[in-house]
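Below you'll find the structure, written out as C-alpha cells, and then a few comments.
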Amino acid sequence: MAQATATLRVYRGDRETGQAIDYQVPLTPGMVVLDAIHSIEAHQSPDLAVRWNCKAAKCGSCSAEVNGRPRLMCKTRMDSLPLDQPITVFPMKAFPVIKDLVTDVSWNYEVNKKITPFRPRPNVEWKMDQADVDRVQEFRKCIECFLCQNVCHVLREHDMKKEFGGPRFFVRSAALEMHPLDGADRAALLKDQLGIGYCNITKCCTEVCPEEIHITDNAIIPLKERVVDQFYDPLTMIVRKIFGSQ
Amino acid sequence: MTPASRYETHEHDVLIIGAGGAGLRAAIEALEQGARVAVVCKSLLGKAHTVMAEGGMAAAMANVDKADNWRIHFRDTMNGGKRLNNWRMAQLHAQESPDRVRELEQWGALFDRTADGEILQRAFGGHTFKRLCHVGDRTGLEMIRTLQDRGVEMGFDVFMECTVTRLLKDGDRVAGAFAYWRNSGDFVVFKAKAVVIATGGIGKSWKITSNSWECTGDGMALAYDAGAELLDMEFVQFHPTGMVWPPGVTGVLVTEAVRGEGGILRNNNGDRFMEKYDPKRLELSTRDVVARAIYTEVKEGRGSPHGGAFLDISHKPAEYVKRKLPSMYHQFKELADVDITRGPMEVGPTCHYVMGGIRVDAETGQSSAPGLFAAGEVAAGLHGANRLGGNSLSDLLVFGRRAGLAAAHYAQKQSWPSMEDAQVDLAARRALAPFACGGGENPYAVHHDLQEVMQNLVGIFRTDEDLRRALVALDHLKQRAKRVSAQGSRVFNPGWHLCFDLDAMLTLSEACTRAALARKESRGAHSRIDFPKTEDGWGRKNQVIVKKGDAMDLFEVPRPPLPDELEQILAEDK
C-alpha cells in the first residue's frame, strides 16, 4: 500500500450548526469509506452519527456524499479516491440533518403511504412467466437508499416535497403497475399526488442508483406515457369534452 | 408528576419489538385479529437483518421436485438439527411453509419462475429436494419489502430508530417496554397487553460474523432479564462461506446458493475436499459439516492465500451466474476485485446464526414469562443443533404468524396493565449511567476484546480449557462494561447505544459459553475436541438457562418423545 493514512473531512453537526472536521485514518487493503468512518468511531469520536446495517450494499442505509458524489459508503473503496487530499464525507443534501451523517428521511415513508398497494385482479391464476416477471424484478431490487431522491433536482434544488414523489416512488409505482397480476390503476395518483410531470428526465437518479436500475428509461418514462394516454390523449380529451368527464 | 406521564407514552394491544421478517409477519397477523399494534425497531423500517438473507425460503411446494412433501421437509430439518429440534415446531414449520410462501406471493412478492409459471425452487444443503423459493440471491429483500408494504397498508404504528432498553412488568406479567428515540435521545414508554420479541440473533459478539450491528442478542437479554427461559444456547451456526478478503469485508456472507447452483469447494492443492468429509452430499452437506471441513483444511495448511477455501462457480456460463447470483457477482467485483464468472472466490466460516434462544411453546411462541412471546431467530427450538439453509426465512413466516396470532388472542383476555413508577425510573437511570461515567472505558474497546474472546475460545471447535478461560475473560469484561462511558449528546449517539448493547452481548456470550461447557459431546454446530462423539444420552435432553437473582442458572430438561407417526417418518430415511 502506497500510503499509510488518509484524511477524512467529515461533517459534524446538527440541524442548526455544523462544520467539517478532519480525521486521520490508517488505511487497510480493500478499505471502504464506511470502514474509515467506523475507525473514527472506535478510536477517535464514539458519538459520530452514521447509519449502516449490512455493510454489503444490500440494505441501503449508509448513503452519504463522498467527495461531493452521492454514494453508499460501504461500496466506495478508499483506493478509488484521490488519497493525497482530504476525502469529504457529508450527509445527503436533500434531507434535513439530524446529526453528522444521519438525515431525516421520514418524508419518504410518508410518500410511500400514498401509493395504492398491490391489488391482484379478481380470480387470477397465480402463474407468471419469468419474462413478465423480469422487468418488475429490476424495480424490486431497490434497496431504498434514497440516493435517487437526494440527487433529483425537483427535490434537491426546488424542495418540492409536497407536490412530488421522487424517483424511488416512481420505481415502486412501476413495479406495481407492471406486475403481471395487478389490477389497480395508478395514473391519477402519479399525475396528481406524485407529480410525475415535474420530472424532466435528466437521468440524475439513474446515474447514482447503486442497484443499476434504469429508473428513467424503464420506470419513469413508461409511467409518464400511461399518464399521457389516460389524461392528455387528444381523442380522449375530445370525447371527454363532449360526454363529460367520468 | 409520575414517570409514566413524564415520558411520552403509547398504549397498544400488542407491542412488537423488531421489524425483520418475524416481527413484521407477527404484526400483520395481530392486525388481522383486530389488535392495535406497535412495531418498534432500532433501524429504519425495511433495513432489518432479514434483507441480508440471500438464498431463499424452504417450503415443500413440490413445484420442481414433485416427490417433495412436508414429511420429507420435516425429516430433513430434524436430521439437520441432529434430532434435538422441538419436533412439534419442525412439524408445523414443514406443514405450513408452503401456505406462508403463497400468501407472500398474494401480497405482491415476485419469485423466480419455473417454465410453467410456478414459483421456482433451488437445491440447498441438507434438503433432499429442490425446495428453496427464491428471487436470485436477494430473497430476504423481497420478503421484507412485501411484509413492510402489507403492514403499512393494514396500518400498524411504526416507531423507527427507537431502541428498547428494558421490558416493563405488571407483577409477573410482561406489560410493556422502556425505550429511547435514537434521533433525540428522549425516553418513551410503551404499555401493551402482550409483547412479541423478534429481534434476531447474537452474532455481533464474534469477530468474524455475517451479522449487522443490530445482532447483539438484545431481545434475548430483555427476555432473560424479565425472567424468561433460554434454550440450547450452545448452538451457534458458523456459515461455511463468508468472505475472507479484504479485511474490511471479512465475514460478509457468501450465499449458500453459490453451492446450490453448482459451486465447488477446493483447497490449495486443487482437491475437491468435500469428497473426504461427506462423499454423498459434497458441497451440499449441512452447514456444520462444511464449516468444519473448511476450517480443518485451512488449519492443516491447505488453505487459500488469505486463509480460506476456494469456491468456484466459474464453470457455469457467465450470464447464468450473473442472473442467479447477481449480488454475489457485484459484491466480489466491487469489494474484492474478483470476477466470480472467471475465477474462484476465497471463503471461510463466519458466525451467522444462533439456533438457541428464548424457549417458546411450539404452537403459540409464548415464552415462560407471561405476556411475552417470541418468534424468529430470537426463539429456539425449530432448528435443534444445526439449522438448514432456507429454513430461517420460512421460520420467520410460520412462527411470526403464530406469535402474532397468539399475542393478539392473549391481549383480548387482558386488562390494561399498571406499572410501578419505580421500574420506569430505574430504567431511565440505567440508560443514562454511561454519561455519568466520565473518563471510563471506551465501549468500542470492550466490544473489540469481547469479539476476540468469543472468536478464539467459543468458536467452531471447543474445549473445556478454552471455555473455562472464556468464562474468566467474560467476567473481567463484565467488570469493564460497568465502567463504560458515553461522550457527547444523547442525539443519535452510536457510542452510547453500544453501552447497552455490551450488556446484552455479555449476557448472551456467557449463556452460550456455559451451555457449551456443560454439553460434553459433539452435536451439529457444537463441536468439542475433548468430547468428539455424539452421545445418545445428550440427544434426549436440552439445556435451559434462567436468571436466578444475579446469577445464571443452567439445568437440563428432557426432550419430549416424538409421537409414533413422526418417529415413523424419521425411520423411513432413504
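Following the order of the C-alpha cells, chains are lettered A, B, ..., residues in each are numbered from 1, and ligands are numbered from 1.
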
For the interface of chain B with chain A (cut-off 6 Å, counting only C-alpha atoms), please tabulate each contacting residue of chain B alongside its nearest pair of atoms and their separation in Å to one decimal, rows sorted by chain and increasing number, as a tab-separated table.
residue	atom	partner	partner_atom	distance
B:Lys47	CA	A:Cys59	CA	5.3
B:Gly108	CA	A:Phe118	CA	5.8
B:Arg113	CA	A:Gln130	CA	5.3
B:Gly117	CA	A:Met128	CA	4.6
B:Glu118	CA	A:Lys127	CA	5.6
B:Ser212	CA	A:Asn53	CA	5.2
B:Pro246	CA	A:Gly30	CA	5.2
B:Gly248	CA	A:Met31	CA	5.7
B:Tyr444	CA	A:Ala42	CA	5.3
B:Phe492	CA	A:Ala49	CA	5.8
B:Asn493	CA	A:Asp47	CA	4.7
B:Pro494	CA	A:Asp47	CA	5.6
B:Gly495	CA	A:Pro46	CA	4.7

For the residues selected in the previous step, produce a file with N, CA, C and O atoms as an mmCIF file, in the first residue's frame.
data_model
loop_
_atom_site.group_PDB
_atom_site.id
_atom_site.type_symbol
_atom_site.label_atom_id
_atom_site.label_comp_id
_atom_site.auth_asym_id
_atom_site.auth_seq_id
_atom_site.Cartn_x
_atom_site.Cartn_y
_atom_site.Cartn_z
ATOM 1 N N LYS B 47 -34.800 -2.148 6.922
ATOM 2 C CA LYS B 47 -33.347 -2.345 6.927
ATOM 3 C C LYS B 47 -32.926 -3.500 7.823
ATOM 4 O O LYS B 47 -31.725 -3.720 8.014
ATOM 5 N N GLY B 108 -47.856 -9.642 -3.173
ATOM 6 C CA GLY B 108 -47.072 -8.891 -4.157
ATOM 7 C C GLY B 108 -45.638 -9.338 -4.360
ATOM 8 O O GLY B 108 -44.934 -8.764 -5.196
ATOM 9 N N ARG B 113 -39.418 -17.889 -11.538
ATOM 10 C CA ARG B 113 -40.461 -18.805 -12.012
ATOM 11 C C ARG B 113 -39.907 -20.047 -12.691
ATOM 12 O O ARG B 113 -38.826 -20.009 -13.297
ATOM 13 N N GLY B 117 -44.533 -21.442 -15.078
ATOM 14 C CA GLY B 117 -45.083 -20.273 -14.399
ATOM 15 C C GLY B 117 -45.253 -20.400 -12.899
ATOM 16 O O GLY B 117 -45.775 -19.503 -12.243
ATOM 17 N N GLU B 118 -44.792 -21.520 -12.314
ATOM 18 C CA GLU B 118 -44.876 -21.669 -10.851
ATOM 19 C C GLU B 118 -43.670 -21.014 -10.183
ATOM 20 O O GLU B 118 -42.724 -20.596 -10.858
ATOM 21 N N SER B 212 -25.129 -7.897 11.263
ATOM 22 C CA SER B 212 -25.006 -6.436 11.312
ATOM 23 C C SER B 212 -24.895 -5.974 12.757
ATOM 24 O O SER B 212 -25.006 -6.773 13.688
ATOM 25 N N PRO B 246 -11.040 -8.591 1.188
ATOM 26 C CA PRO B 246 -10.096 -7.902 2.072
ATOM 27 C C PRO B 246 -10.611 -7.783 3.510
ATOM 28 O O PRO B 246 -11.766 -8.129 3.781
ATOM 29 N N GLY B 248 -11.752 -5.530 5.521
ATOM 30 C CA GLY B 248 -12.972 -4.802 5.861
ATOM 31 C C GLY B 248 -14.241 -5.597 5.630
ATOM 32 O O GLY B 248 -15.270 -5.320 6.234
ATOM 33 N N TYR B 444 -16.220 0.717 22.574
ATOM 34 C CA TYR B 444 -15.705 0.044 21.374
ATOM 35 C C TYR B 444 -14.531 -0.875 21.718
ATOM 36 O O TYR B 444 -14.368 -1.950 21.134
ATOM 37 N N PHE B 492 -28.651 10.775 18.487
ATOM 38 C CA PHE B 492 -28.059 9.768 17.592
ATOM 39 C C PHE B 492 -26.594 9.480 17.932
ATOM 40 O O PHE B 492 -25.679 9.860 17.211
ATOM 41 N N ASN B 493 -26.413 8.798 19.029
ATOM 42 C CA ASN B 493 -25.069 8.599 19.567
ATOM 43 C C ASN B 493 -24.729 7.101 19.593
ATOM 44 O O ASN B 493 -25.104 6.375 20.508
ATOM 45 N N PRO B 494 -23.975 6.626 18.568
ATOM 46 C CA PRO B 494 -23.680 5.193 18.486
ATOM 47 C C PRO B 494 -22.862 4.676 19.675
ATOM 48 O O PRO B 494 -23.045 3.525 20.085
ATOM 49 N N GLY B 495 -21.987 5.489 20.210
ATOM 50 C CA GLY B 495 -21.183 5.054 21.355
ATOM 51 C C GLY B 495 -22.055 4.778 22.573
ATOM 52 O O GLY B 495 -21.860 3.798 23.296
#

Could you give me, as an mmCIF file with N, CA, C and O atoms, in the first residue's frame, the residues within 12 Å of segment 3-9 of chain A, counting only C-alpha atoms and dropping anything in the same chain fewer than 6 positions from it?
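Written out: out-v7.cif:
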data_model
loop_
_atom_site.group_PDB
_atom_site.id
_atom_site.type_symbol
_atom_site.label_atom_id
_atom_site.label_comp_id
_atom_site.auth_asym_id
_atom_site.auth_seq_id
_atom_site.Cartn_x
_atom_site.Cartn_y
_atom_site.Cartn_z
ATOM 1 N N GLN A 19 -19.789 21.776 11.150
ATOM 2 C CA GLN A 19 -18.550 22.084 10.445
ATOM 3 C C GLN A 19 -17.887 20.783 10.021
ATOM 4 O O GLN A 19 -18.191 19.719 10.555
ATOM 5 N N ALA A 20 -16.985 20.891 9.071
ATOM 6 C CA ALA A 20 -16.234 19.711 8.637
ATOM 7 C C ALA A 20 -15.010 19.558 9.525
ATOM 8 O O ALA A 20 -14.308 20.527 9.778
ATOM 9 N N ILE A 21 -14.793 18.357 10.001
ATOM 10 C CA ILE A 21 -13.646 18.105 10.865
ATOM 11 C C ILE A 21 -12.759 17.044 10.215
ATOM 12 O O ILE A 21 -13.267 16.061 9.666
ATOM 13 N N ASP A 22 -11.444 17.261 10.276
ATOM 14 C CA ASP A 22 -10.508 16.312 9.662
ATOM 15 C C ASP A 22 -10.105 15.213 10.631
ATOM 16 O O ASP A 22 -9.814 15.482 11.803
ATOM 17 N N TYR A 23 -10.083 13.992 10.127
ATOM 18 C CA TYR A 23 -9.601 12.845 10.914
ATOM 19 C C TYR A 23 -8.566 12.088 10.092
ATOM 20 O O TYR A 23 -8.770 11.869 8.883
ATOM 21 N N GLN A 24 -7.499 11.676 10.752
ATOM 22 C CA GLN A 24 -6.512 10.809 10.101
ATOM 23 C C GLN A 24 -6.907 9.357 10.373
ATOM 24 O O GLN A 24 -7.144 8.985 11.520
ATOM 25 N N VAL A 25 -6.968 8.574 9.325
ATOM 26 C CA VAL A 25 -7.397 7.182 9.486
ATOM 27 C C VAL A 25 -6.357 6.262 8.850
ATOM 28 O O VAL A 25 -5.955 6.491 7.702
ATOM 29 N N PRO A 26 -5.905 5.221 9.591
ATOM 30 C CA PRO A 26 -4.965 4.274 8.984
ATOM 31 C C PRO A 26 -5.645 3.469 7.883
ATOM 32 O O PRO A 26 -6.784 3.034 8.043
ATOM 33 N N LEU A 27 -4.956 3.272 6.764
ATOM 34 C CA LEU A 27 -5.542 2.556 5.627
ATOM 35 C C LEU A 27 -5.248 1.064 5.726
ATOM 36 O O LEU A 27 -4.183 0.659 6.166
ATOM 37 N N THR A 28 -6.235 0.266 5.320
ATOM 38 C CA THR A 28 -6.013 -1.180 5.207
ATOM 39 C C THR A 28 -6.413 -1.583 3.790
ATOM 40 O O THR A 28 -7.186 -0.874 3.141
ATOM 41 N N PRO A 29 -5.905 -2.732 3.312
ATOM 42 C CA PRO A 29 -6.237 -3.141 1.934
ATOM 43 C C PRO A 29 -7.740 -3.308 1.748
ATOM 44 O O PRO A 29 -8.427 -3.850 2.611
ATOM 45 N N MET A 31 -10.062 -1.268 1.903
ATOM 46 C CA MET A 31 -10.906 -0.492 2.813
ATOM 47 C C MET A 31 -11.972 0.309 2.054
ATOM 48 O O MET A 31 -11.706 0.835 0.979
ATOM 49 N N VAL A 32 -13.181 0.389 2.619
ATOM 50 C CA VAL A 32 -14.225 1.256 2.064
ATOM 51 C C VAL A 32 -14.438 2.449 3.008
ATOM 52 O O VAL A 32 -13.961 2.429 4.156
ATOM 53 N N VAL A 33 -15.128 3.463 2.517
ATOM 54 C CA VAL A 33 -15.314 4.686 3.312
ATOM 55 C C VAL A 33 -16.013 4.370 4.642
ATOM 56 O O VAL A 33 -15.669 4.931 5.686
ATOM 57 N N LEU A 34 -16.964 3.426 4.614
ATOM 58 C CA LEU A 34 -17.662 3.099 5.863
ATOM 59 C C LEU A 34 -16.688 2.499 6.895
ATOM 60 O O LEU A 34 -16.807 2.770 8.096
ATOM 61 N N ASP A 35 -15.706 1.710 6.434
ATOM 62 C CA ASP A 35 -14.675 1.206 7.357
ATOM 63 C C ASP A 35 -13.949 2.370 8.020
ATOM 64 O O ASP A 35 -13.642 2.334 9.212
ATOM 65 N N ALA A 36 -13.634 3.382 7.221
ATOM 66 C CA ALA A 36 -12.909 4.538 7.750
ATOM 67 C C ALA A 36 -13.754 5.282 8.784
ATOM 68 O O ALA A 36 -13.252 5.710 9.830
ATOM 69 N N ILE A 37 -15.041 5.407 8.513
ATOM 70 C CA ILE A 37 -15.951 6.061 9.462
ATOM 71 C C ILE A 37 -16.014 5.246 10.762
ATOM 72 O O ILE A 37 -15.973 5.793 11.867
ATOM 73 N N HIS A 38 -16.082 3.929 10.632
ATOM 74 C CA HIS A 38 -16.103 3.068 11.823
ATOM 75 C C HIS A 38 -14.808 3.184 12.606
ATOM 76 O O HIS A 38 -14.809 3.148 13.844
ATOM 77 N N SER A 39 -13.712 3.334 11.918
ATOM 78 C CA SER A 39 -12.430 3.510 12.602
ATOM 79 C C SER A 39 -12.437 4.812 13.413
ATOM 80 O O SER A 39 -11.943 4.845 14.540
ATOM 81 N N ILE A 40 -13.026 5.854 12.850
ATOM 82 C CA ILE A 40 -13.122 7.125 13.592
ATOM 83 C C ILE A 40 -13.982 6.934 14.847
ATOM 84 O O ILE A 40 -13.638 7.374 15.941
ATOM 85 N N GLU A 65 -22.574 11.732 0.878
ATOM 86 C CA GLU A 65 -21.952 12.368 -0.278
ATOM 87 C C GLU A 65 -20.450 12.341 -0.069
ATOM 88 O O GLU A 65 -19.913 13.042 0.782
ATOM 89 N N VAL A 66 -19.769 11.507 -0.845
ATOM 90 C CA VAL A 66 -18.330 11.326 -0.710
ATOM 91 C C VAL A 66 -17.645 12.105 -1.829
ATOM 92 O O VAL A 66 -17.914 11.847 -3.003
ATOM 93 N N ASN A 67 -16.809 13.051 -1.436
ATOM 94 C CA ASN A 67 -16.199 13.968 -2.409
ATOM 95 C C ASN A 67 -17.261 14.557 -3.341
ATOM 96 O O ASN A 67 -17.067 14.661 -4.550
ATOM 97 N N GLY A 68 -18.403 14.874 -2.745
ATOM 98 C CA GLY A 68 -19.474 15.523 -3.489
ATOM 99 C C GLY A 68 -20.364 14.575 -4.279
ATOM 100 O O GLY A 68 -21.362 14.992 -4.849
ATOM 101 N N MET A 78 -11.759 3.084 -0.705
ATOM 102 C CA MET A 78 -10.836 4.187 -0.455
ATOM 103 C C MET A 78 -9.829 4.302 -1.606
ATOM 104 O O MET A 78 -9.457 5.402 -2.016
ATOM 105 N N ASP A 79 -9.385 3.149 -2.119
ATOM 106 C CA ASP A 79 -8.360 3.216 -3.176
ATOM 107 C C ASP A 79 -8.914 3.669 -4.528
ATOM 108 O O ASP A 79 -8.188 3.762 -5.501
ATOM 109 N N LEU A 81 -10.373 6.604 -4.572
ATOM 110 C CA LEU A 81 -10.440 8.048 -4.341
ATOM 111 C C LEU A 81 -9.023 8.631 -4.308
ATOM 112 O O LEU A 81 -8.073 7.922 -3.977
ATOM 113 N N PRO A 82 -8.885 9.905 -4.654
ATOM 114 C CA PRO A 82 -7.551 10.524 -4.568
ATOM 115 C C PRO A 82 -7.152 10.719 -3.104
ATOM 116 O O PRO A 82 -7.708 11.572 -2.419
ATOM 117 N N LEU A 83 -6.202 9.937 -2.629
ATOM 118 C CA LEU A 83 -5.890 9.939 -1.194
ATOM 119 C C LEU A 83 -4.864 10.999 -0.810
ATOM 120 O O LEU A 83 -4.543 11.153 0.368
ATOM 121 N N ASP A 84 -4.356 11.729 -1.805
ATOM 122 C CA ASP A 84 -3.383 12.788 -1.468
ATOM 123 C C ASP A 84 -4.082 14.048 -0.966
ATOM 124 O O ASP A 84 -3.453 14.999 -0.548
ATOM 125 N N GLN A 85 -5.413 14.052 -1.031
ATOM 126 C CA GLN A 85 -6.162 15.194 -0.481
ATOM 127 C C GLN A 85 -7.274 14.659 0.426
ATOM 128 O O GLN A 85 -7.625 13.484 0.339
ATOM 129 N N PRO A 86 -7.810 15.524 1.295
ATOM 130 C CA PRO A 86 -8.857 15.042 2.209
ATOM 131 C C PRO A 86 -10.071 14.527 1.440
ATOM 132 O O PRO A 86 -10.463 15.091 0.417
ATOM 133 N N ILE A 87 -10.645 13.430 1.949
ATOM 134 C CA ILE A 87 -11.880 12.888 1.368
ATOM 135 C C ILE A 87 -13.035 13.487 2.149
ATOM 136 O O ILE A 87 -13.118 13.315 3.368
ATOM 137 N N THR A 88 -13.921 14.187 1.470
ATOM 138 C CA THR A 88 -15.035 14.790 2.195
ATOM 139 C C THR A 88 -16.187 13.786 2.298
ATOM 140 O O THR A 88 -16.492 13.084 1.331
ATOM 141 N N VAL A 89 -16.760 13.706 3.487
ATOM 142 C CA VAL A 89 -17.924 12.842 3.703
ATOM 143 C C VAL A 89 -19.009 13.696 4.354
ATOM 144 O O VAL A 89 -18.876 14.133 5.499
ATOM 145 N N PHE A 90 -20.066 13.943 3.574
ATOM 146 C CA PHE A 90 -21.152 14.811 4.027
ATOM 147 C C PHE A 90 -22.480 14.059 3.972
ATOM 148 O O PHE A 90 -22.629 13.117 3.204
ATOM 149 N N PRO A 91 -23.447 14.522 4.759
ATOM 150 C CA PRO A 91 -24.765 13.872 4.702
ATOM 151 C C PRO A 91 -25.479 14.209 3.392
ATOM 152 O O PRO A 91 -25.122 15.169 2.722
ATOM 153 N N ASP A 100 -24.582 14.805 12.197
ATOM 154 C CA ASP A 100 -23.434 14.314 11.429
ATOM 155 C C ASP A 100 -23.875 13.764 10.064
ATOM 156 O O ASP A 100 -24.348 14.530 9.244
ATOM 157 N N LEU A 101 -23.766 12.442 9.863
ATOM 158 C CA LEU A 101 -24.092 11.877 8.553
ATOM 159 C C LEU A 101 -25.524 11.359 8.486
ATOM 160 O O LEU A 101 -25.942 10.808 7.465
#

Residues flagged strand (DSSP E or B) by DSSP in chain A, as a PyMOL selection string: chain A and resi 5-14+18-26+32+63-66+69-72+77+87-90+97-99+102-103+120+182

Writing out the chosen residues with N, CA, C and O atoms as a short mmCIF file (atom, residue, chain, number, x, y, z; two decimals), in the first residue's frame:
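Written file, again-v7.cif:
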data_model
loop_
_atom_site.label_atom_id
_atom_site.label_comp_id
_atom_site.auth_asym_id
_atom_site.auth_seq_id
_atom_site.Cartn_x
_atom_site.Cartn_y
_atom_site.Cartn_z
N THR A 5 -1.91 6.42 5.75
CA THR A 5 -3.14 7.00 6.31
C THR A 5 -3.84 7.88 5.26
O THR A 5 -3.24 8.28 4.26
N ALA A 6 -5.09 8.13 5.53
CA ALA A 6 -5.85 9.07 4.69
C ALA A 6 -6.51 10.09 5.61
O ALA A 6 -6.69 9.83 6.81
N THR A 7 -6.86 11.23 5.04
CA THR A 7 -7.59 12.23 5.82
C THR A 7 -9.06 12.21 5.39
O THR A 7 -9.35 12.30 4.20
N LEU A 8 -9.93 12.06 6.37
CA LEU A 8 -11.36 12.18 6.09
C LEU A 8 -11.86 13.50 6.64
O LEU A 8 -11.59 13.83 7.80
N ARG A 9 -12.55 14.24 5.83
CA ARG A 9 -13.13 15.52 6.26
C ARG A 9 -14.63 15.30 6.41
O ARG A 9 -15.37 15.28 5.43
N VAL A 10 -15.06 15.11 7.66
CA VAL A 10 -16.41 14.63 7.92
C VAL A 10 -17.28 15.75 8.49
O VAL A 10 -16.85 16.47 9.41
N TYR A 11 -18.50 15.86 7.99
CA TYR A 11 -19.43 16.84 8.55
C TYR A 11 -19.83 16.44 9.96
O TYR A 11 -20.30 15.32 10.19
N ARG A 12 -19.64 17.34 10.90
CA ARG A 12 -20.08 17.11 12.27
C ARG A 12 -21.00 18.25 12.67
O ARG A 12 -20.60 19.42 12.63
N GLY A 13 -22.22 17.90 13.03
CA GLY A 13 -23.13 18.96 13.44
C GLY A 13 -24.56 18.48 13.44
O GLY A 13 -24.83 17.29 13.27
N ASP A 14 -25.48 19.41 13.64
CA ASP A 14 -26.88 19.05 13.69
C ASP A 14 -27.68 19.93 12.75
O ASP A 14 -27.15 20.52 11.82
N GLY A 18 -22.95 23.29 12.09
CA GLY A 18 -22.03 22.18 11.89
C GLY A 18 -20.79 22.64 11.17
O GLY A 18 -20.72 23.77 10.67
N GLN A 19 -19.79 21.78 11.15
CA GLN A 19 -18.55 22.08 10.45
C GLN A 19 -17.89 20.78 10.02
O GLN A 19 -18.19 19.72 10.56
N ALA A 20 -16.98 20.89 9.07
CA ALA A 20 -16.23 19.71 8.64
C ALA A 20 -15.01 19.56 9.53
O ALA A 20 -14.31 20.53 9.78
N ILE A 21 -14.79 18.36 10.00
CA ILE A 21 -13.65 18.10 10.86
C ILE A 21 -12.76 17.04 10.21
O ILE A 21 -13.27 16.06 9.67
N ASP A 22 -11.44 17.26 10.28
CA ASP A 22 -10.51 16.31 9.66
C ASP A 22 -10.10 15.21 10.63
O ASP A 22 -9.81 15.48 11.80
N TYR A 23 -10.08 13.99 10.13
CA TYR A 23 -9.60 12.84 10.91
C TYR A 23 -8.57 12.09 10.09
O TYR A 23 -8.77 11.87 8.88
N GLN A 24 -7.50 11.68 10.75
CA GLN A 24 -6.51 10.81 10.10
C GLN A 24 -6.91 9.36 10.37
O GLN A 24 -7.14 8.99 11.52
N VAL A 25 -6.97 8.57 9.33
CA VAL A 25 -7.40 7.18 9.49
C VAL A 25 -6.36 6.26 8.85
O VAL A 25 -5.95 6.49 7.70
N PRO A 26 -5.90 5.22 9.59
CA PRO A 26 -4.96 4.27 8.98
C PRO A 26 -5.64 3.47 7.88
O PRO A 26 -6.78 3.03 8.04
N VAL A 32 -13.18 0.39 2.62
CA VAL A 32 -14.22 1.26 2.06
C VAL A 32 -14.44 2.45 3.01
O VAL A 32 -13.96 2.43 4.16
N SER A 63 -26.03 5.80 2.94
CA SER A 63 -25.92 6.81 1.89
C SER A 63 -25.29 8.09 2.41
O SER A 63 -25.61 8.55 3.51
N ALA A 64 -24.38 8.66 1.64
CA ALA A 64 -23.74 9.93 2.00
C ALA A 64 -23.15 10.54 0.74
O ALA A 64 -23.23 9.93 -0.34
N GLU A 65 -22.57 11.73 0.88
CA GLU A 65 -21.95 12.37 -0.28
C GLU A 65 -20.45 12.34 -0.07
O GLU A 65 -19.91 13.04 0.78
N VAL A 66 -19.77 11.51 -0.84
CA VAL A 66 -18.33 11.33 -0.71
C VAL A 66 -17.65 12.10 -1.83
O VAL A 66 -17.91 11.85 -3.00
N ARG A 69 -20.00 13.29 -4.32
CA ARG A 69 -20.82 12.34 -5.09
C ARG A 69 -21.68 11.49 -4.17
O ARG A 69 -21.15 10.87 -3.24
N PRO A 70 -22.98 11.43 -4.40
CA PRO A 70 -23.85 10.61 -3.56
C PRO A 70 -23.56 9.12 -3.76
O PRO A 70 -23.60 8.63 -4.90
N ARG A 71 -23.22 8.42 -2.70
CA ARG A 71 -22.83 7.02 -2.81
C ARG A 71 -23.23 6.26 -1.55
O ARG A 71 -23.48 6.85 -0.52
N LEU A 72 -23.16 4.92 -1.67
CA LEU A 72 -23.20 4.08 -0.47
C LEU A 72 -21.76 4.01 0.05
O LEU A 72 -20.85 3.64 -0.68
N ARG A 77 -14.75 2.26 -2.37
CA ARG A 77 -13.41 1.86 -1.97
C ARG A 77 -12.53 3.10 -1.76
O ARG A 77 -12.54 4.02 -2.58
N ILE A 87 -10.64 13.43 1.95
CA ILE A 87 -11.88 12.89 1.37
C ILE A 87 -13.04 13.49 2.15
O ILE A 87 -13.12 13.31 3.37
N THR A 88 -13.92 14.19 1.47
CA THR A 88 -15.04 14.79 2.19
C THR A 88 -16.19 13.79 2.30
O THR A 88 -16.49 13.08 1.33
N VAL A 89 -16.76 13.71 3.49
CA VAL A 89 -17.92 12.84 3.70
C VAL A 89 -19.01 13.70 4.35
O VAL A 89 -18.88 14.13 5.50
N PHE A 90 -20.07 13.94 3.57
CA PHE A 90 -21.15 14.81 4.03
C PHE A 90 -22.48 14.06 3.97
O PHE A 90 -22.63 13.12 3.20
N VAL A 97 -30.59 17.49 8.19
CA VAL A 97 -29.62 16.76 9.01
C VAL A 97 -30.20 16.55 10.41
O VAL A 97 -30.79 17.45 10.98
N ILE A 98 -30.04 15.34 10.94
CA ILE A 98 -30.32 15.10 12.35
C ILE A 98 -29.03 15.29 13.13
O ILE A 98 -28.95 16.10 14.04
N LYS A 99 -28.05 14.53 12.75
CA LYS A 99 -26.72 14.72 13.33
C LYS A 99 -25.67 14.09 12.42
O LYS A 99 -25.86 12.97 11.94
N VAL A 102 -26.26 11.52 9.56
CA VAL A 102 -27.63 10.98 9.62
C VAL A 102 -28.64 12.08 9.28
O VAL A 102 -28.64 13.14 9.90
N THR A 103 -29.49 11.78 8.28
CA THR A 103 -30.51 12.76 7.87
C THR A 103 -31.90 12.23 8.18
O THR A 103 -32.10 11.04 8.36
N PRO A 120 -54.30 -7.63 -6.61
CA PRO A 120 -54.42 -8.66 -7.64
C PRO A 120 -55.78 -8.59 -8.31
O PRO A 120 -56.79 -8.28 -7.66
N ASP A 182 -51.41 -7.49 -11.31
CA ASP A 182 -52.02 -6.34 -10.61
C ASP A 182 -53.16 -5.76 -11.43
O ASP A 182 -53.11 -5.72 -12.66
#

Coordinates-based distance that separates atom CA of Leu167 of chain B from atom CA of Tyr7 of chain B (Å, one decimal):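 Separation of atom CA of Tyr7 of chain B and atom CA of Leu167 of chain B: 15.4 Å.
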
Taking only C-alpha atoms into account, which of B:Gln412, B:Thr250, B:Gln423, B:Ser485 comes nearest Ala445 of chain B? B:Ser485

Please tabulate, as a Markdown table, the residues of segment 188-295 of chain B that come within 7 Å of segment 378-400 of chain B, each with its closest pair of atoms and the distance in Å to one decimal, counting only C-alpha atoms and ordering rows by chain, then residue number upward.
| residue | atom | partner | partner_atom | distance |
| --- | --- | --- | --- | --- |
| B:Ala198 | CA | B:Val378 | CA | 6.0 |
| B:Thr199 | CA | B:Val378 | CA | 6.0 |
| B:Gly200 | CA | B:Val378 | CA | 4.7 |
| B:Gly201 | CA | B:Val378 | CA | 5.8 |
| B:Gly219 | CA | B:Val378 | CA | 6.9 |
| B:Met220 | CA | B:Val378 | CA | 6.3 |
| B:Leu231 | CA | B:Ala380 | CA | 6.1 |
| B:Phe235 | CA | B:Ala385 | CA | 5.7 |
| B:Gln237 | CA | B:Asn386 | CA | 6.6 |
| B:Thr286 | CA | B:Leu388 | CA | 6.6 |
| B:Asp288 | CA | B:Asn386 | CA | 6.8 |
